[in-house]
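A.B. asks: File my_file10.cif below, mmCIF, C-alpha atoms:
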```
data_start
loop_
_atom_site.label_atom_id
_atom_site.label_comp_id
_atom_site.auth_asym_id
_atom_site.auth_seq_id
_atom_site.Cartn_x
_atom_site.Cartn_y
_atom_site.Cartn_z
CA MET R 533 74.01 99.58 70.55
CA MET R 534 74.26 101.18 74.04
CA ARG R 535 71.68 103.80 73.06
CA LEU R 536 69.30 101.10 71.90
CA VAL R 537 69.64 99.22 75.21
CA LEU R 538 69.14 102.43 77.16
CA LEU R 539 66.08 103.33 75.12
CA ALA R 540 64.64 99.84 75.65
CA ARG R 541 65.12 100.16 79.42
CA ILE R 542 63.44 103.56 79.49
CA LEU R 543 60.49 102.24 77.49
CA LEU R 544 60.19 99.25 79.81
CA LEU R 545 60.16 101.50 82.88
CA LEU R 546 57.50 103.75 81.33
CA CYS R 547 55.35 100.73 80.48
CA LEU R 548 55.69 99.37 84.02
CA ALA R 549 54.75 102.73 85.53
CA ALA R 550 51.73 103.07 83.22
CA SER R 551 50.50 99.55 83.97
CA ARG R 552 50.95 100.07 87.70
CA THR R 553 48.95 103.31 87.60
CA ALA R 554 46.24 101.66 85.50
CA ALA R 555 46.07 98.70 87.88
CA ALA R 556 45.78 101.01 90.89
CA LYS R 557 42.98 102.99 89.23
CA ALA R 558 41.20 99.76 88.28
CA LYS R 559 41.26 98.69 91.93
CA GLY R 560 40.00 102.11 93.01
CA LYS R 561 43.20 102.89 94.91
CA LYS R 562 45.55 105.81 94.68
CA SER R 563 48.72 105.37 92.67
CA ASP R 564 52.06 105.66 94.44
CA ALA R 565 52.48 109.19 93.08
CA ALA R 566 49.25 110.26 94.81
CA ASP R 567 50.22 108.62 98.13
CA GLU R 568 52.49 111.09 99.81
CA LEU R 569 53.72 108.93 102.69
CA LEU R 570 57.15 107.34 102.59
CA TYR R 571 56.90 103.64 103.42
CA LEU R 572 60.07 102.84 105.29
CA THR R 573 61.91 99.79 106.55
CA ASP R 574 65.04 99.38 108.66
CA SER R 575 67.09 99.36 105.47
CA THR R 576 65.50 102.46 103.88
CA LEU R 577 65.22 104.72 106.94
CA GLU R 578 68.81 105.98 106.82
CA VAL R 579 68.47 107.00 103.17
CA ALA R 580 65.20 108.82 103.93
CA LEU R 581 66.82 110.70 106.82
CA GLU R 582 69.59 111.91 104.52
CA ALA R 583 67.15 112.91 101.78
CA HIS R 584 64.62 114.73 103.99
CA PRO R 585 65.86 117.25 106.59
CA LEU R 586 62.47 117.34 108.37
CA LEU R 587 60.62 114.05 108.59
CA LEU R 588 57.72 112.88 110.77
CA ILE R 589 57.53 109.10 111.05
CA SER R 590 54.79 106.92 112.44
CA VAL R 591 56.26 103.78 113.99
CA SER R 592 53.68 101.01 113.91
CA VAL R 593 53.14 97.28 113.59
CA PRO R 594 51.00 95.35 111.10
CA GLY R 595 47.47 94.61 112.30
CA CYS R 596 47.29 97.51 114.79
CA GLY R 597 44.00 99.37 114.28
CA VAL R 598 45.13 102.46 116.21
CA CYS R 599 48.35 102.54 114.17
CA ASP R 600 46.34 102.38 110.94
CA ALA R 601 44.15 105.29 112.11
CA VAL R 602 47.23 107.44 112.83
CA ASP R 603 48.70 106.56 109.44
CA LYS R 604 45.41 107.57 107.78
CA ARG R 605 45.61 111.01 109.47
CA LEU R 606 49.23 111.34 108.28
CA ARG R 607 48.10 110.63 104.70
CA LYS R 608 45.41 113.32 105.04
CA ALA R 609 47.93 115.84 106.41
CA ALA R 610 50.60 115.16 103.74
CA PRO R 611 49.07 117.15 100.82
CA GLU R 612 48.44 120.21 102.99
CA LEU R 613 51.96 120.09 104.39
CA ARG R 614 53.44 119.67 100.92
CA VAL R 615 51.76 122.89 99.81
CA LYS R 616 52.11 124.98 102.97
CA ALA R 617 55.66 123.91 103.84
CA LYS R 618 56.79 124.02 100.20
CA ALA R 619 57.85 120.35 100.40
CA ALA R 620 60.16 121.02 103.39
CA VAL R 621 58.29 118.44 105.48
CA LYS R 622 57.92 114.77 104.61
CA LEU R 623 55.76 112.21 106.40
CA GLY R 624 56.51 108.52 106.60
CA GLN R 625 55.49 105.21 108.07
CA LEU R 626 57.95 102.75 109.59
CA ARG R 627 56.35 99.33 110.05
CA ILE R 628 58.31 97.10 112.35
CA ASP R 629 58.00 93.34 112.11
CA SER R 630 60.48 92.46 114.84
CA PRO R 631 61.14 93.90 118.30
CA ASP R 632 64.83 93.37 117.51
CA SER R 633 64.89 96.14 114.90
CA PRO R 634 68.43 97.61 114.95
CA VAL R 635 67.24 101.00 113.72
CA LEU R 636 64.43 101.17 116.24
CA GLY R 637 66.79 100.35 119.11
CA ARG R 638 69.02 103.25 118.11
CA ILE R 639 66.12 105.73 117.81
CA VAL R 640 63.81 104.89 120.71
CA GLN R 641 65.07 105.09 124.27
CA GLY R 642 63.24 102.97 126.87
CA ALA R 643 59.82 101.38 126.42
CA LEU R 644 58.02 101.83 123.13
CA SER R 645 54.28 102.32 123.02
CA LEU R 646 52.66 102.09 119.62
CA PRO R 647 51.80 103.94 117.56
CA LYS R 648 54.73 106.30 118.09
CA LEU R 649 55.30 109.55 116.19
CA ILE R 650 58.93 110.65 115.93
CA VAL R 651 60.24 113.82 114.30
CA PHE R 652 63.63 113.69 112.62
CA ARG R 653 65.26 117.05 112.15
CA GLU R 654 68.48 116.78 110.17
CA GLY R 655 68.74 113.12 111.19
CA GLU R 656 68.27 113.73 114.92
CA ALA R 657 65.25 112.07 116.57
CA LEU R 658 62.99 114.38 118.56
CA ASP R 659 59.77 113.69 120.45
CA TYR R 660 56.65 114.71 118.56
CA THR R 661 54.80 117.12 120.86
CA GLY R 662 51.41 117.50 119.15
CA ASP R 663 48.48 115.14 119.15
CA ASP R 664 47.77 112.78 116.27
CA SER R 665 44.96 114.77 114.64
CA LYS R 666 45.46 116.00 111.08
CA GLU R 667 45.23 119.63 112.21
CA SER R 668 47.82 119.17 114.96
CA ILE R 669 50.20 117.31 112.65
CA VAL R 670 50.03 120.17 110.13
CA LYS R 671 50.38 122.89 112.79
CA THR R 672 53.27 121.20 114.64
CA MET R 673 55.24 120.35 111.51
CA LEU R 674 54.75 123.82 110.00
CA ALA R 675 56.10 125.32 113.23
CA LEU R 676 59.12 123.03 113.07
CA ALA R 677 59.67 123.82 109.38
CA SER R 678 59.70 127.55 110.09
CA ARG R 679 62.46 127.28 112.72
CA ASP R 680 66.05 127.79 111.74
CA THR R 681 68.39 124.89 112.20
CA VAL R 682 70.66 124.70 115.21
CA GLN R 683 73.69 125.26 112.97
CA THR R 684 72.13 128.39 111.47
CA LEU R 685 71.38 129.79 114.90
CA ARG R 686 74.95 129.13 116.06
CA SER R 687 76.45 130.73 112.99
CA VAL R 688 74.29 133.85 113.41
CA LYS R 689 75.37 134.17 117.05
CA GLN R 690 79.00 133.66 116.08
CA ALA R 691 78.73 136.27 113.33
CA GLN R 692 77.20 138.77 115.77
CA SER R 693 79.50 137.91 118.64
CA PRO R 694 82.83 139.32 117.31
CA SER R 695 81.43 142.76 116.48
CA TRP R 696 80.26 143.61 119.98
CA HIS R 697 83.00 141.52 121.59
CA ASN R 698 85.74 143.52 119.83
CA ASP R 699 84.11 146.83 120.76
CA THR R 700 84.20 146.01 124.45
CA ALA R 701 87.77 144.73 124.28
CA SER R 702 89.17 147.95 122.84
#
```
Show me this structure written as structure tokens.
C.D. replies:
Amino acid sequence: MMRLVLLARILLLLCLAASRTAAAKAKGKKSDAADELLYLTDSTLEVALEAHPLLLISVSVPGCGVCDAVDKRLRKAAPELRVKAKAAVKLGQLRIDSPDSPVLGRIVQGALSLPKLIVFREGEALDYTGDDSKESIVKTMLALASRDTVQTLRSVKQAQSPSWHNDTAS
């Protein structure tokens, strides 16, 4: 009986996915699988930060033309980054509906000008230093993806430190 219920659920999910893809194609839009941006909210941001060690997020508001243009460039950069960074970089969009966003208050210090690009490396927010062109997004994020993590750098220094430290002590 449990197997039958499980099989029915799987079939239902497959049917829903197929109908969603067909509906998206009928409207001339990309399916969710083809859209490589993560669409985030206050409640989903923390999960995304845990799942993706290197994440570039566009913080924007609905109805902002400049924000939409930046998000369009992120969508164009996503496939190239997926291939070149071997999926180490993920791009996302955080739409805020309220200035009282608890997540936003924790991330952004001081005044917020929109759109805002923020890099999250292992959950820590960093300022995005490139411009918002597709080429700059790819270049900047590839450079960040090629850097070792802070923990890795510390552990390498610690591993090297005792060998020359002990030689000078004796």
A.B. asks: Once the PyMOL selection byres ((chain R and resi 676) around 10) has been applied to the shown file, what residues remain in the selection, as a list in words?
C.D. replies: Leu586, Ala617, Ala620, Val621, Val651, Arg653, Val670, Lys671, Thr672, Met673, Leu674, Ala675, Ala677, Ser678, Arg679, Asp680 and Thr681 of chain R
A.B. asks: Do you have the atom CA of R:Lys616-atom CA of R:Leu569 distance handy?
C.D. replies: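 Computing it gives 16.1 Å between the two atoms.
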A.B. asks: Output, as lines of an AutoDock Vina configuration file, the centre and edge lengths in Å (one decimal) of the axis-aligned box that contains all listed atoms of stretch 649-661 of chain R with 4 Å of margin on each side.
C.D. replies:
```
center_x = 61.8
center_y = 113.3
center_z = 115.5
size_x = 21.9
size_y = 15.6
size_z = 18.7
```
A.B. asks: At what distance in Å, to one decimal, does atom CA of R:Glu578 lie from atom CA of R:Gln625?
C.D. replies: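 Computing it gives 13.4 Å between the two atoms.
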A.B. asks: Between atom CA of R:Ser665 and atom CA of R:Leu649, what distance in Å does the model show, to one decimal?
C.D. replies: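 Between these atoms lies a distance of 11.7 Å.
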A.B. asks: Report as number ranges by chain the full result of the PyMOL selection byres ((chain R and resi 652) around 8) when it is applied to this structure.
C.D. replies: R: 581, 585-589, 650-651, 653-658
A.B. asks: My list of candidates is R:Ala610, R:Cys599, R:Val593, R:Leu577. Which is closest to R:Lys666 when distances are computed with all atoms listed in the file?
C.D. replies: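 For R:Lys666, the nearest of the candidates is R:Ala610.
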A.B. asks: Which of these, R:Ile639, R:Glu568, R:Tyr660, R:Ser668, has the shortest distance to R:Val615 once you count all atoms listed in the file?
C.D. replies: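 Answer, going by the shortest atom-to-atom distance: R:Glu568.
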A.B. asks: My list of candidates is R:Ala583, R:Gly624, R:Gly595, R:Leu646. Which is closest to R:Arg607 when distances are computed with all atoms listed in the file?
C.D. replies: R:Gly624
A.B. asks: Excluding same-chain residues fewer than 6 positions from stretch 571-575 of chain R, what lies within 8 Å of it counting all atoms listed in the file, as a list in words?
C.D. replies: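 Answer for this query is Gly624, Gln625, Leu626, Arg627, Ile628, Ser633, Pro634, Val635 and Leu636 of chain R.
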A.B. asks: Kindly export the residues of the current selection with C-alpha atoms, as a PDB file, keeping the file's coordinate frame.
C.D. replies:
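Once everything was written out, this is part_8.pdb:
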```
ATOM      1  CA  GLY R 624      56.510 108.520 106.600  1.00  0.00           C
ATOM      2  CA  GLN R 625      55.490 105.210 108.070  1.00  0.00           C
ATOM      3  CA  LEU R 626      57.950 102.750 109.590  1.00  0.00           C
ATOM      4  CA  ARG R 627      56.350  99.330 110.050  1.00  0.00           C
ATOM      5  CA  ILE R 628      58.310  97.100 112.350  1.00  0.00           C
ATOM      6  CA  SER R 633      64.890  96.140 114.900  1.00  0.00           C
ATOM      7  CA  PRO R 634      68.430  97.610 114.950  1.00  0.00           C
ATOM      8  CA  VAL R 635      67.240 101.000 113.720  1.00  0.00           C
ATOM      9  CA  LEU R 636      64.430 101.170 116.240  1.00  0.00           C
TER      10      LEU R 636
END
```
A.B. asks: Can you pull out the residues contacting R:Val602? Cut-off 8 Å, using all atoms listed in the file, and skip same-chain residues under 6 positions away; I want them as number ranges by chain.
C.D. replies: R: 590, 647, 664-665
A.B. asks: Looking at R:Arg614, R:Lys648, R:Arg605, R:Lys622, which one is nearest to R:Glu667, with distances taken over all atoms listed in the file?
C.D. replies: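 Residue with the minimum atom-to-atom distance to R:Glu667: R:Arg605.
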A.B. asks: Taking into account only C-alpha atoms, which residue in the set R:Val591, R:Ala580, R:Val598, R:Leu623 is nearest to R:Pro611?
C.D. replies: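 Residue with the minimum atom-to-atom distance to R:Pro611: R:Leu623.
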A.B. asks: Check the smallest atom-to-atom distance from each of R:Ser592, R:Thr576, R:Gly597, R:Leu570 to R:Ser630 using all atoms listed in the file, then report the winner.
C.D. replies: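 Of the candidates, the smallest distance to R:Ser630 is held by R:Ser592.
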A.B. asks: All heavy atoms are what I want for stretch 615-626 of chain R; can you complete it accordingly and write them as an mmCIF file, keeping the file's coordinate frame?
C.D. replies:
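Written output follows (result-v3.cif):
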```cif
data_model
loop_
_atom_site.group_PDB
_atom_site.id
_atom_site.type_symbol
_atom_site.label_atom_id
_atom_site.label_comp_id
_atom_site.auth_asym_id
_atom_site.auth_seq_id
_atom_site.Cartn_x
_atom_site.Cartn_y
_atom_site.Cartn_z
ATOM 1 N N VAL R 615 52.036 121.565 100.362
ATOM 2 C CA VAL R 615 51.760 122.890 99.810
ATOM 3 C C VAL R 615 52.219 123.992 100.757
ATOM 4 O O VAL R 615 52.942 124.904 100.360
ATOM 5 C CB VAL R 615 50.244 123.035 99.505
ATOM 6 C CG1 VAL R 615 49.901 124.461 99.136
ATOM 7 C CG2 VAL R 615 49.829 122.082 98.397
ATOM 8 N N LYS R 616 51.819 123.909 102.015
ATOM 9 C CA LYS R 616 52.110 124.980 102.970
ATOM 10 C C LYS R 616 53.581 125.053 103.357
ATOM 11 O O LYS R 616 54.105 126.134 103.604
ATOM 12 C CB LYS R 616 51.255 124.834 104.216
ATOM 13 C CG LYS R 616 49.796 125.155 103.962
ATOM 14 C CD LYS R 616 48.989 125.092 105.238
ATOM 15 C CE LYS R 616 47.560 125.526 104.982
ATOM 16 N NZ LYS R 616 46.756 125.462 106.215
ATOM 17 N N ALA R 617 54.249 123.927 103.437
ATOM 18 C CA ALA R 617 55.660 123.910 103.840
ATOM 19 C C ALA R 617 56.585 123.885 102.635
ATOM 20 O O ALA R 617 57.789 123.742 102.787
ATOM 21 C CB ALA R 617 55.938 122.718 104.740
ATOM 22 N N LYS R 618 56.009 124.023 101.449
ATOM 23 C CA LYS R 618 56.790 124.020 100.200
ATOM 24 C C LYS R 618 57.717 122.804 100.136
ATOM 25 O O LYS R 618 58.895 122.912 99.848
ATOM 26 C CB LYS R 618 57.567 125.312 100.063
ATOM 27 C CG LYS R 618 56.666 126.526 99.952
ATOM 28 C CD LYS R 618 57.466 127.792 99.837
ATOM 29 C CE LYS R 618 56.596 128.997 99.679
ATOM 30 N NZ LYS R 618 55.811 129.379 100.822
ATOM 31 N N ALA R 619 57.158 121.636 100.464
ATOM 32 C CA ALA R 619 57.850 120.350 100.400
ATOM 33 C C ALA R 619 59.015 120.223 101.386
ATOM 34 O O ALA R 619 59.836 119.333 101.258
ATOM 35 C CB ALA R 619 58.322 120.049 98.980
ATOM 36 N N ALA R 620 59.082 121.104 102.395
ATOM 37 C CA ALA R 620 60.160 121.020 103.390
ATOM 38 C C ALA R 620 59.904 119.935 104.421
ATOM 39 O O ALA R 620 60.811 119.538 105.140
ATOM 40 C CB ALA R 620 60.324 122.366 104.095
ATOM 41 N N VAL R 621 58.667 119.460 104.513
ATOM 42 C CA VAL R 621 58.290 118.440 105.480
ATOM 43 C C VAL R 621 57.868 117.189 104.731
ATOM 44 O O VAL R 621 57.127 117.258 103.762
ATOM 45 C CB VAL R 621 57.114 118.920 106.358
ATOM 46 C CG1 VAL R 621 56.647 117.821 107.292
ATOM 47 C CG2 VAL R 621 57.478 120.174 107.134
ATOM 48 N N LYS R 622 58.328 116.047 105.190
ATOM 49 C CA LYS R 622 57.920 114.770 104.610
ATOM 50 C C LYS R 622 57.386 113.884 105.726
ATOM 51 O O LYS R 622 57.891 113.934 106.854
ATOM 52 C CB LYS R 622 59.111 114.096 103.910
ATOM 53 C CG LYS R 622 58.729 112.959 103.026
ATOM 54 C CD LYS R 622 57.926 113.416 101.833
ATOM 55 C CE LYS R 622 57.537 112.241 100.969
ATOM 56 N NZ LYS R 622 56.574 112.559 99.963
ATOM 57 N N LEU R 623 56.367 113.116 105.426
ATOM 58 C CA LEU R 623 55.760 112.210 106.400
ATOM 59 C C LEU R 623 56.016 110.773 105.964
ATOM 60 O O LEU R 623 56.021 110.478 104.772
ATOM 61 C CB LEU R 623 54.256 112.455 106.493
ATOM 62 C CG LEU R 623 53.830 113.888 106.833
ATOM 63 C CD1 LEU R 623 52.317 114.001 106.848
ATOM 64 C CD2 LEU R 623 54.405 114.329 108.161
ATOM 65 N N GLY R 624 56.226 109.904 106.943
ATOM 66 C CA GLY R 624 56.510 108.520 106.600
ATOM 67 C C GLY R 624 55.947 107.550 107.618
ATOM 68 O O GLY R 624 55.506 107.927 108.702
ATOM 69 N N GLN R 625 55.989 106.296 107.233
ATOM 70 C CA GLN R 625 55.490 105.210 108.070
ATOM 71 C C GLN R 625 56.583 104.148 108.147
ATOM 72 O O GLN R 625 57.075 103.681 107.121
ATOM 73 C CB GLN R 625 54.233 104.634 107.431
ATOM 74 C CG GLN R 625 53.699 103.401 108.103
ATOM 75 C CD GLN R 625 52.614 102.760 107.261
ATOM 76 O OE1 GLN R 625 52.887 102.339 106.142
ATOM 77 N NE2 GLN R 625 51.409 102.706 107.788
ATOM 78 N N LEU R 626 56.962 103.800 109.372
ATOM 79 C CA LEU R 626 57.950 102.750 109.590
ATOM 80 C C LEU R 626 57.229 101.589 110.268
ATOM 81 O O LEU R 626 56.843 101.677 111.426
ATOM 82 C CB LEU R 626 59.098 103.239 110.470
ATOM 83 C CG LEU R 626 60.146 102.215 110.886
ATOM 84 C CD1 LEU R 626 60.886 101.653 109.678
ATOM 85 C CD2 LEU R 626 61.134 102.819 111.865
#
```
